[in-house]
Each structure stands twice: as structure tokens, then as C-alpha cells.
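Everything below belongs to protein.csv, which stores CSV, C-alpha atoms and all ligand atoms.
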chain,number,residue,atom,x,y,z
A,26,MET,CA,22.3,81.0,226.9
A,27,ARG,CA,21.9,84.0,224.5
A,28,LYS,CA,20.0,83.5,221.2
A,29,GLN,CA,21.8,82.8,217.9
A,30,ILE,CA,20.0,84.7,215.2
A,31,ALA,CA,19.9,84.8,211.4
A,32,ALA,CA,18.1,88.0,210.5
A,33,ALA,CA,17.2,88.9,206.9
A,34,ASN,CA,17.0,92.6,205.9
A,35,TRP,CA,15.2,92.8,202.6
A,36,LYS,CA,15.7,96.6,202.6
A,37,MET,CA,13.6,98.2,199.8
A,38,ASN,CA,13.7,95.1,197.6
A,39,LEU,CA,11.1,92.7,196.1
A,40,THR,CA,7.5,93.0,195.3
A,41,LEU,CA,5.0,91.2,197.7
A,42,GLN,CA,4.7,88.4,195.2
A,43,GLN,CA,8.5,88.0,195.0
A,44,GLY,CA,8.8,88.1,198.7
A,45,GLU,CA,6.1,85.4,199.2
A,46,THR,CA,7.8,83.2,196.6
A,47,LEU,CA,11.1,83.7,198.4
A,48,ILE,CA,9.5,82.6,201.7
A,49,ASP,CA,8.0,79.6,199.9
A,50,GLU,CA,11.3,78.6,198.5
A,51,LEU,CA,13.1,79.1,201.8
A,52,LEU,CA,10.5,76.9,203.6
A,53,SER,CA,11.1,74.1,201.1
A,54,THR,CA,14.9,74.4,201.3
A,55,PRO,CA,16.4,72.3,204.1
A,56,HIS,CA,17.2,74.4,207.1
A,57,GLU,CA,16.9,73.8,210.8
A,58,LEU,CA,16.4,76.1,213.8
A,59,THR,CA,17.3,74.6,217.2
A,60,GLU,CA,15.6,75.7,220.4
A,61,ASN,CA,18.2,78.5,220.9
A,62,GLN,CA,18.1,79.8,217.3
A,63,LEU,CA,15.9,82.4,215.7
A,64,ALA,CA,15.2,83.5,212.1
A,65,ILE,CA,13.9,87.1,211.7
A,66,PHE,CA,12.7,88.6,208.5
A,67,ALA,CA,12.8,92.4,208.4
A,68,VAL,CA,10.5,93.1,205.5
A,69,PRO,CA,9.0,96.3,204.0
A,70,PHE,CA,6.1,97.8,206.0
A,71,PRO,CA,3.4,96.8,203.4
A,72,TYR,CA,4.3,93.2,203.6
A,73,LEU,CA,4.5,92.7,207.3
A,74,ILE,CA,1.1,91.3,207.8
A,75,SER,CA,1.2,89.0,204.8
A,76,ILE,CA,4.7,87.6,205.5
A,77,LYS,CA,3.8,87.3,209.2
A,78,ASN,CA,0.7,85.2,208.3
A,79,LYS,CA,2.7,83.1,205.9
A,80,LEU,CA,5.2,82.3,208.7
A,81,ALA,CA,2.5,81.7,211.3
A,82,GLY,CA,3.1,78.5,213.3
A,83,LYS,CA,6.8,78.3,212.3
A,84,LYS,CA,8.8,77.8,215.4
A,85,ASN,CA,11.4,80.5,216.3
A,86,VAL,CA,10.6,82.5,213.1
A,87,PHE,CA,9.6,86.2,213.4
A,88,VAL,CA,9.0,89.2,211.2
A,89,ALA,CA,10.5,92.6,212.0
A,90,ALA,CA,9.9,96.1,210.8
A,91,GLN,CA,12.9,97.9,209.3
A,92,ASN,CA,12.2,101.2,211.2
A,93,CYS,CA,9.6,103.1,213.2
A,94,ASN,CA,9.1,106.7,214.0
A,95,ASN,CA,10.4,108.2,217.3
A,96,LYS,CA,7.0,110.0,217.9
A,97,LYS,CA,4.0,108.4,219.4
A,98,SER,CA,1.5,109.6,216.8
A,99,GLY,CA,0.3,112.7,215.0
A,100,ALA,CA,0.8,114.7,211.9
A,101,TYR,CA,3.8,112.9,210.4
A,102,THR,CA,2.6,112.0,207.0
A,103,GLY,CA,4.1,108.8,205.6
A,104,GLU,CA,5.5,107.6,208.9
A,105,VAL,CA,4.8,104.4,210.8
A,106,SER,CA,4.6,104.4,214.6
A,107,ALA,CA,5.7,101.7,217.1
A,108,GLU,CA,2.1,101.5,218.3
A,109,MET,CA,0.9,100.7,214.8
A,110,LEU,CA,3.5,97.9,214.5
A,111,LYS,CA,2.5,96.5,217.9
A,112,SER,CA,-1.2,96.6,216.8
A,113,ILE,CA,-0.3,94.1,214.0
A,114,GLY,CA,1.6,91.9,216.3
A,115,ILE,CA,5.2,92.8,215.4
A,116,GLN,CA,7.8,91.9,218.0
A,117,TYR,CA,11.1,93.2,216.5
A,118,VAL,CA,12.1,96.4,214.9
A,119,VAL,CA,15.4,97.1,213.2
A,120,LEU,CA,16.7,100.5,214.4
A,121,GLY,CA,19.6,102.7,213.4
A,122,HIS,CA,20.6,100.9,210.2
A,123,SER,CA,23.5,102.9,208.7
A,124,GLU,CA,21.4,103.6,205.6
A,125,ARG,CA,18.8,105.3,207.8
A,126,ARG,CA,21.5,107.2,209.7
A,127,GLU,CA,23.0,108.3,206.4
A,128,TYR,CA,20.0,109.0,204.1
A,129,PHE,CA,17.5,109.9,206.8
A,130,SER,CA,19.7,111.8,209.2
A,131,GLU,CA,19.0,109.5,212.2
A,132,SER,CA,21.2,110.6,215.1
A,133,ASN,CA,22.1,108.7,218.2
A,134,ALA,CA,19.7,110.9,220.2
A,135,MET,CA,16.8,110.2,217.9
A,136,LEU,CA,17.6,106.5,218.0
A,137,ALA,CA,17.5,106.6,221.8
A,138,GLU,CA,13.9,107.9,221.4
A,139,LYS,CA,13.1,105.1,218.9
A,140,VAL,CA,14.5,102.5,221.3
A,141,ASN,CA,12.3,103.9,224.1
A,142,ILE,CA,9.2,103.9,222.0
A,143,CYS,CA,9.8,100.3,220.9
A,144,PHE,CA,10.1,99.2,224.6
A,145,GLU,CA,7.0,101.2,225.5
A,146,ASN,CA,5.2,99.1,223.0
A,147,GLY,CA,6.7,95.8,224.1
A,148,MET,CA,8.9,95.3,221.0
A,149,VAL,CA,12.6,94.4,220.9
A,150,PRO,CA,14.9,96.6,218.9
A,151,VAL,CA,17.6,95.1,216.7
A,152,PHE,CA,19.9,98.0,217.2
A,153,CYS,CA,22.5,98.6,214.5
A,154,CYS,CA,25.9,100.2,214.9
A,155,GLY,CA,29.1,100.4,212.9
A,156,GLU,CA,31.7,102.6,211.6
A,157,PRO,CA,32.4,104.1,208.2
A,158,LEU,CA,35.6,103.4,206.2
A,159,ALA,CA,37.3,106.7,207.2
A,160,ILE,CA,37.0,105.7,210.9
A,161,ARG,CA,38.3,102.2,210.3
A,162,GLU,CA,41.3,103.6,208.3
A,163,VAL,CA,42.4,105.7,211.3
A,164,ASP,CA,41.7,102.8,213.7
A,165,THR,CA,39.2,104.7,215.9
A,166,GLN,CA,36.3,102.2,215.3
A,167,ASN,CA,36.1,101.1,218.9
A,168,SER,CA,35.4,104.5,220.4
A,169,TYR,CA,33.1,105.4,217.5
A,170,VAL,CA,30.9,102.3,218.1
A,171,GLU,CA,31.1,102.9,221.9
A,172,THR,CA,29.7,106.4,221.4
A,173,GLN,CA,26.8,105.0,219.3
A,174,LEU,CA,26.0,102.5,222.1
A,175,LYS,CA,26.3,105.0,224.9
A,176,GLU,CA,24.2,107.7,223.3
A,177,SER,CA,21.4,105.5,222.2
A,178,LEU,CA,21.3,102.7,224.8
A,179,PHE,CA,22.9,103.5,228.1
A,180,HIS,CA,19.8,105.2,229.5
A,181,LEU,CA,18.1,101.8,229.5
A,182,THR,CA,17.8,99.6,232.5
A,183,ALA,CA,19.6,96.3,232.9
A,184,GLU,CA,16.3,94.6,232.6
A,185,GLN,CA,15.5,96.2,229.3
A,186,LEU,CA,18.9,95.3,227.9
A,187,THR,CA,18.8,91.7,229.0
A,188,GLY,CA,18.2,89.6,225.9
A,189,PHE,CA,18.6,92.7,223.7
A,190,ILE,CA,19.9,92.4,220.1
A,191,ILE,CA,22.7,94.5,218.6
A,192,ALA,CA,23.9,94.3,215.0
A,193,TYR,CA,27.4,95.4,214.3
A,194,GLU,CA,27.6,96.4,210.6
A,195,PRO,CA,30.8,98.1,209.5
A,196,ILE,CA,29.6,100.4,206.7
A,197,TRP,CA,32.5,99.6,204.5
A,198,ALA,CA,31.3,96.0,204.4
A,199,ILE,CA,27.7,96.6,203.6
A,200,GLY,CA,26.7,95.6,200.0
A,201,THR,CA,30.3,95.9,198.9
A,202,GLY,CA,31.2,92.2,198.9
A,203,LYS,CA,34.1,93.2,201.2
A,204,THR,CA,33.4,91.3,204.4
A,205,ALA,CA,35.1,92.0,207.7
A,206,THR,CA,37.3,89.0,208.5
A,207,SER,CA,36.0,86.8,211.2
A,208,GLY,CA,38.8,88.1,213.3
A,209,GLN,CA,37.8,91.7,212.8
A,210,ALA,CA,34.2,90.8,213.6
A,211,GLN,CA,35.2,89.0,216.8
A,212,GLU,CA,37.4,91.8,217.9
A,213,MET,CA,34.6,94.4,217.6
A,214,HIS,CA,32.0,92.1,219.1
A,215,ALA,CA,34.2,91.4,222.1
A,216,HIS,CA,34.7,95.2,222.5
A,217,ILE,CA,31.0,95.8,222.3
A,218,ARG,CA,30.4,93.1,225.0
A,219,SER,CA,33.1,94.6,227.2
A,220,VAL,CA,31.6,98.1,226.9
A,221,LEU,CA,28.2,96.6,227.9
A,222,ALA,CA,29.7,94.6,230.7
A,223,ALA,CA,31.5,97.7,232.2
A,224,GLN,CA,28.1,99.5,232.3
A,225,TYR,CA,25.7,96.7,233.1
A,226,GLY,CA,27.8,93.8,234.4
A,227,ASN,CA,28.7,90.4,232.8
A,228,THR,CA,25.3,88.8,233.2
A,229,VAL,CA,23.5,91.4,231.1
A,230,ALA,CA,26.4,91.6,228.6
A,231,ASP,CA,26.4,87.9,228.1
A,232,SER,CA,22.7,87.8,227.5
A,233,ILE,CA,22.8,90.2,224.5
A,234,SER,CA,22.9,88.7,221.0
A,235,ILE,CA,25.5,90.6,218.9
A,236,LEU,CA,24.9,90.0,215.2
A,237,TYR,CA,27.4,90.7,212.4
A,238,GLY,CA,26.3,92.4,209.2
A,239,GLY,CA,28.1,93.2,206.0
A,240,SER,CA,28.4,90.9,203.0
A,241,VAL,CA,27.4,87.8,205.0
A,242,LYS,CA,26.8,84.9,202.6
A,243,ALA,CA,26.5,81.1,202.6
A,244,SER,CA,30.2,80.8,202.0
A,245,ASN,CA,31.4,82.9,205.0
A,246,ALA,CA,28.6,82.6,207.5
A,247,LYS,CA,29.7,79.6,209.4
A,248,GLU,CA,33.2,80.9,210.0
A,249,ILE,CA,32.0,84.3,211.1
A,250,PHE,CA,29.3,82.9,213.3
A,251,GLY,CA,31.7,80.4,214.8
A,252,LYS,CA,33.5,83.2,216.7
A,253,PRO,CA,32.6,83.3,220.4
A,254,ASP,CA,31.1,86.8,220.5
A,255,VAL,CA,29.3,86.6,217.1
A,256,ASP,CA,25.7,85.4,217.7
A,257,GLY,CA,24.6,85.3,214.1
A,258,GLY,CA,24.1,87.8,211.3
A,259,LEU,CA,22.0,90.6,209.8
A,260,VAL,CA,22.0,89.8,206.1
A,261,GLY,CA,21.1,92.0,203.2
A,262,GLY,CA,21.8,90.8,199.6
A,263,ALA,CA,22.2,87.1,200.5
A,264,SER,CA,18.8,87.1,202.3
A,265,LEU,CA,17.1,87.6,198.9
A,266,ILE,CA,18.2,84.2,197.7
A,267,ALA,CA,16.5,81.3,199.4
A,268,ALA,CA,19.4,78.8,199.1
A,269,GLU,CA,21.8,81.4,200.5
A,270,PHE,CA,19.7,82.3,203.5
A,271,ALA,CA,18.9,78.7,204.3
A,272,ALA,CA,22.6,78.0,204.4
A,273,ILE,CA,23.2,81.0,206.5
A,274,ILE,CA,20.6,79.7,209.0
A,275,ASN,CA,22.4,76.4,209.0
A,276,GLY,CA,25.6,78.2,209.8
A,277,LEU,CA,24.4,79.4,213.2
A,278,LYS,CA,26.0,78.0,216.2
B,301,LIG,P1,24.7,93.1,202.8
B,301,LIG,O1,24.5,91.7,203.4
B,301,LIG,O2,24.0,93.2,201.5
B,301,LIG,O3,26.1,93.5,202.8
B,301,LIG,O4,23.9,94.1,203.7
B,301,LIG,C1,24.1,94.1,205.1
B,301,LIG,C2,23.1,94.9,205.8
B,301,LIG,O5,23.0,96.1,205.6
B,301,LIG,C3,22.1,94.2,206.6
B,301,LIG,O6,21.3,95.1,207.3
Could you take the file, read its structure, and then write that structure out as C-alpha cells?
Amino acid sequence: MRKQIAAANWKMNLTLQQGETLIDELLSTPHELTENQLAIFAVPFPYLISIKNKLAGKKNVFVAAQNCNNKKSGAYTGEVSAEMLKSIGIQYVVLGHSERREYFSESNAMLAEKVNICFENGMVPVFCCGEPLAIREVDTQNSYVETQLKESLFHLTAEQLTGFIIAYEPIWAIGTGKTATSGQAQEMHAHIRSVLAAQYGNTVADSISILYGGSVKASNAKEIFGKPDVDGGLVGGASLIAAEFAAIINGLK
């Protein structure tokens, strides 16, 4: 059975002290993770070790980096390598968020390299995909997302993709308060799974957790996560509020 996942993406928000307070508040707010559910906190690089230590011993709870560089090491001032993340015990890395694609010119080809280097270092990518509004308006989102998957992931082996995590985040729904309907999310998630199945077979496709991201909040999480191909969410704004994120965790199937 594939994992159901509530992933928080703090983006470039909060000081360390605010982040620690948020975790404390969250831990004291009733929430429950069953055997098949995970919570992942994608926090800024400087907080990874502290937040990881704070969450140590919590079952099914992990921290993730929000990015890593596509190169192994070298003269890339200001960058963070996959090997560095591995050396501090990180197991998950968010890759290809639309903000990175847009503001830092990350291409599908570069993301294929990032995915590879994560695997080389034993970490699981949380691979983001999703279309801008202009693509949705002309109803070509399926082929747009398919190209993102093909160009960044389809060189991988079935073994690497088994248990993989994909986040579908329509750009027009990120930080806008305009959520995709649960029907729109299900439609795209089913499409993504069918594209994966055509390439890798049903067993692999069925093992991949596909998260929805874009204005997920306590009030809509349960309905969106209730759809058969939606395996949880990647949450920005609402993950910065303990009560909201606790409720989102409780909305997992
Ligand atoms: P919001 O939840 O703030 O819309 O952000 C979604 C997102 O980008 C998560 O990665």
C-alpha cells in the first residue's frame, strides 16, 4: 500500500526560533499518524539539523531539504550538495518546485540530474510538477505535466521509482487561495499514474505517492485527500500554522 503523506514546505519563511515554536505547537496539537502515513517537513537548509533533532524519535516524521545542487561538489559558492545533505542524515529532498523552476531557471534536464544525485546519495526526491495558468486555460495540462515527468524521471529504473514521491502543484493554485477542485486534482493524479503505468507497469505506478499542492488547508484537505489517486499534500502557507497542519495530517486517508 502506498504511503499517505502530509508534507510541509516552509519555503523561505520563519526564523529558527519561530520554526522550533511551530514544531512545539504542532507536537502538542492532537494529530495522529498511522503506520502508513508520513509527515515530512521541508525546512530551510540552516534549520535542517535542529528541526531533525527536535523531531528525533517521532515515528513516521522526517525532515526534507527544499533543494540540492545537481553537481557533486566543487566551486559553486552558496550551493548545497546532495552529499552534504546525506552527511547530516537527510532522507528526502524536494526537487523541481515551480518557484525554483521559475526564479532559478531549473529545467527538466537539470532536474533529471538532481534526481540522479539524490538517488546516488540514498535520498528520495519529492518531485514537483504542475502547469501554469496559461496552459490550464488552453487545456493542455496533461501533456505539459507528462513532458515534465518524461524528461526528468523516465531514465530511472522501475526499482528507483518504486515508492517514489511526486507532488502535483498547479502553479495557478500556489499561494493564491485558489485551490484546484478535488475533481481536478483527481483527474490529473489519475493521468500521472496512467503515464507512469504505461512506462513502468501498474505495480510501480500504484506504489508511487502522488501529493497535491496548491492552497491546501485544514478546510479542504480531507476532501482532496479522499480522492483515490491523491495520496496527501505538499502544503505551503497552511503548514506555517500548527493547528492547520495538524488538521491536514488528520485529513490523510
Ligand atoms: P500554498 O499551500 O501556500 O499554496 O503553497 C503550495 C506549495 O507551493 C507547496 O510546495
Open item on the list: Can you pull out every residue with an atom within 10 Å of ligand LIG 301 (chain B)? Use all atoms listed in the file and format it as a VMD selection string.
Closed with: chain A and resid 32 to 36 67 91 119 121 to 124 153 192 to 204 236 to 242 258 to 265
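The spacing separating CA of Gly114 in chain A from CA of Ile142 in chain A amounts to 15.3 Å.
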TODO: For CA of Val255 in chain A and CA of Ala230 in chain A, quote the distance in Å rounded to one decimal.
DONE: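 Interatomic distance here is 12.9 Å.
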Sorted by chain and rising residue number, which residues of range 108-209 of chain A lie within 6 Å of range 92-96 of chain A, and what are their closest atom pairs and distances in Å to one decimal, counting all atoms listed in the file, as a Markdown table?
| residue | atom | partner | partner_atom | distance |
| --- | --- | --- | --- | --- |
| A:Val119 | CA | A:Asn92 | CA | 5.6 |
| A:Leu120 | CA | A:Asn92 | CA | 5.6 |
| A:Glu138 | CA | A:Asn95 | CA | 5.4 |
| A:Lys139 | CA | A:Asn95 | CA | 4.4 |
- [ ] Would you mind telling me which residue in A:Glu212, A:Glu60, A:Asp49, A:Glu171 lies nearest to Arg27 in chain A when using only C-alpha atoms?
- [x] A:Glu60
TODO: For each of A:Val163, A:Gln211, A:Phe144, A:Glu156, take the minimum atom-to-atom distance to Thr182 in chain A, counting only C-alpha atoms, then give the residue where this is smallest.
DONE: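 When distances to Thr182 in chain A are compared using only C-alpha atoms, the smallest one comes from A:Phe144.
The environment of Lys28 in chain A within 7 Å, counting all atoms listed in the file and disregarding residues fewer than 3 places along the same chain, consists of Asn61, Gln62, Leu63, Ser234 and Asp256 of chain A.
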Keeping only C-alpha atoms, write those residues as a PDB file, in the frame of the given file.
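The file below, part01.pdb, is the result:
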ATOM      1  CA  ASN A  61      18.200  78.500 220.900  1.00  0.00           C
ATOM      2  CA  GLN A  62      18.100  79.800 217.300  1.00  0.00           C
ATOM      3  CA  LEU A  63      15.900  82.400 215.700  1.00  0.00           C
ATOM      4  CA  SER A 234      22.900  88.700 221.000  1.00  0.00           C
ATOM      5  CA  ASP A 256      25.700  85.400 217.700  1.00  0.00           C
TER       6      ASP A 256
END
TODO: Mind giving me the straight-line distance from CA of Pro150 in chain A to CA of Gln43 in chain A in Å, one decimal?
DONE: 26.2 Å
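Surrounding residues of (33.4, 86.9, 208.5) at most 8 Å away are Thr204, Ala205, Thr206, Ser207, Gly208, Gln209, Ala210, Val241, Asn245, Ala246, Glu248, Ile249 and Phe250 of chain A (based on all atoms listed in the file).
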- [ ] Could you tell me which of A:Met213, A:Ala137, A:Arg126, A:Ala31 comes closest to Asp164 in chain A if we count all atoms listed in the file?
- [x]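 Closest to Asp164 in chain A of all the choices is A:Met213.
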Open item on the list: Please determine, counting only C-alpha atoms, which residue among A:His216, A:Lys79, A:His56, A:Lys84 has the shortest atom-to-atom distance to Ala268 in chain A.
Closed with: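 Among A:His216, A:Lys79, A:His56, A:Lys84, it is A:His56 that comes nearest to Ala268 in chain A.
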TODO: Just give me the residues with any atom within 7 Å of (5.4, 102.4, 217.1), file coordinates, counting only C-alpha atoms, written as a list of chain:residue names.
DONE: A:Cys93, A:Asn94, A:Lys97, A:Val105, A:Ser106, A:Ala107, A:Glu108, A:Met109, A:Leu110, A:Lys111, A:Ile142, A:Cys143, A:Asn146
- [ ] Skip Pro71 in chain A itself and residues of its chain fewer than 2 positions away, then list as a list in words all residues within 12 Å of it, counting only C-alpha atoms.
- [x] Met37, Asn38, Leu39, Thr40, Leu41, Gln42, Gly44, Ala67, Val68, Pro69, Leu73, Ile74, Ser75, Ile76, Lys77, Ala89, Ala90, Gln91, Val105, Leu110 and Ile113 of chain A
Open item on the list: Here is a test: counting all atoms listed in the file, which residue of A:Glu131, A:Glu57, A:Glu104, A:Glu50 is nearest to Ala272 in chain A?
Closed with: A:Glu57
Please rebuild range 129-142 of chain A with N, CA, C and O atoms and give the result as a CSV table (one decimal), keeping the file's coordinate frame.
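Dumped to part-v9.csv:
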chain,number,residue,atom,x,y,z
A,129,PHE,N,18.6,109.3,206.1
A,129,PHE,CA,17.5,109.9,206.8
A,129,PHE,C,17.9,110.6,208.0
A,129,PHE,O,17.1,110.9,208.9
A,130,SER,N,19.2,110.9,208.1
A,130,SER,CA,19.7,111.8,209.2
A,130,SER,C,19.3,111.3,210.6
A,130,SER,O,19.0,112.1,211.5
A,131,GLU,N,19.4,110.0,210.8
A,131,GLU,CA,19.0,109.5,212.2
A,131,GLU,C,20.2,109.7,213.1
A,131,GLU,O,21.3,109.1,212.8
A,132,SER,N,20.1,110.4,214.2
A,132,SER,CA,21.2,110.6,215.1
A,132,SER,C,21.1,109.6,216.3
A,132,SER,O,20.0,109.0,216.5
A,133,ASN,N,22.2,109.6,217.0
A,133,ASN,CA,22.1,108.7,218.2
A,133,ASN,C,21.0,109.1,219.1
A,133,ASN,O,20.4,108.2,219.8
A,134,ALA,N,20.8,110.4,219.3
A,134,ALA,CA,19.7,110.9,220.2
A,134,ALA,C,18.3,110.5,219.7
A,134,ALA,O,17.5,110.0,220.5
A,135,MET,N,18.1,110.6,218.4
A,135,MET,CA,16.8,110.2,217.9
A,135,MET,C,16.6,108.7,218.0
A,135,MET,O,15.6,108.2,218.4
A,136,LEU,N,17.7,107.9,217.9
A,136,LEU,CA,17.6,106.5,218.0
A,136,LEU,C,17.3,106.1,219.5
A,136,LEU,O,16.6,105.1,219.7
A,137,ALA,N,17.8,106.9,220.4
A,137,ALA,CA,17.5,106.6,221.8
A,137,ALA,C,16.0,106.7,222.0
A,137,ALA,O,15.3,105.9,222.7
A,138,GLU,N,15.4,107.7,221.3
A,138,GLU,CA,13.9,107.9,221.4
A,138,GLU,C,13.2,106.7,220.7
A,138,GLU,O,12.2,106.2,221.2
A,139,LYS,N,13.7,106.3,219.6
A,139,LYS,CA,13.1,105.1,218.9
A,139,LYS,C,13.2,103.8,219.8
A,139,LYS,O,12.2,103.1,219.8
A,140,VAL,N,14.3,103.7,220.4
A,140,VAL,CA,14.5,102.5,221.3
A,140,VAL,C,13.4,102.5,222.4
A,140,VAL,O,12.8,101.5,222.7
A,141,ASN,N,13.3,103.7,223.0
A,141,ASN,CA,12.3,103.9,224.1
A,141,ASN,C,10.9,103.5,223.6
A,141,ASN,O,10.2,102.8,224.3
A,142,ILE,N,10.5,104.1,222.5
A,142,ILE,CA,9.2,103.9,222.0
A,142,ILE,C,8.9,102.4,221.6
A,142,ILE,O,7.8,101.9,221.8
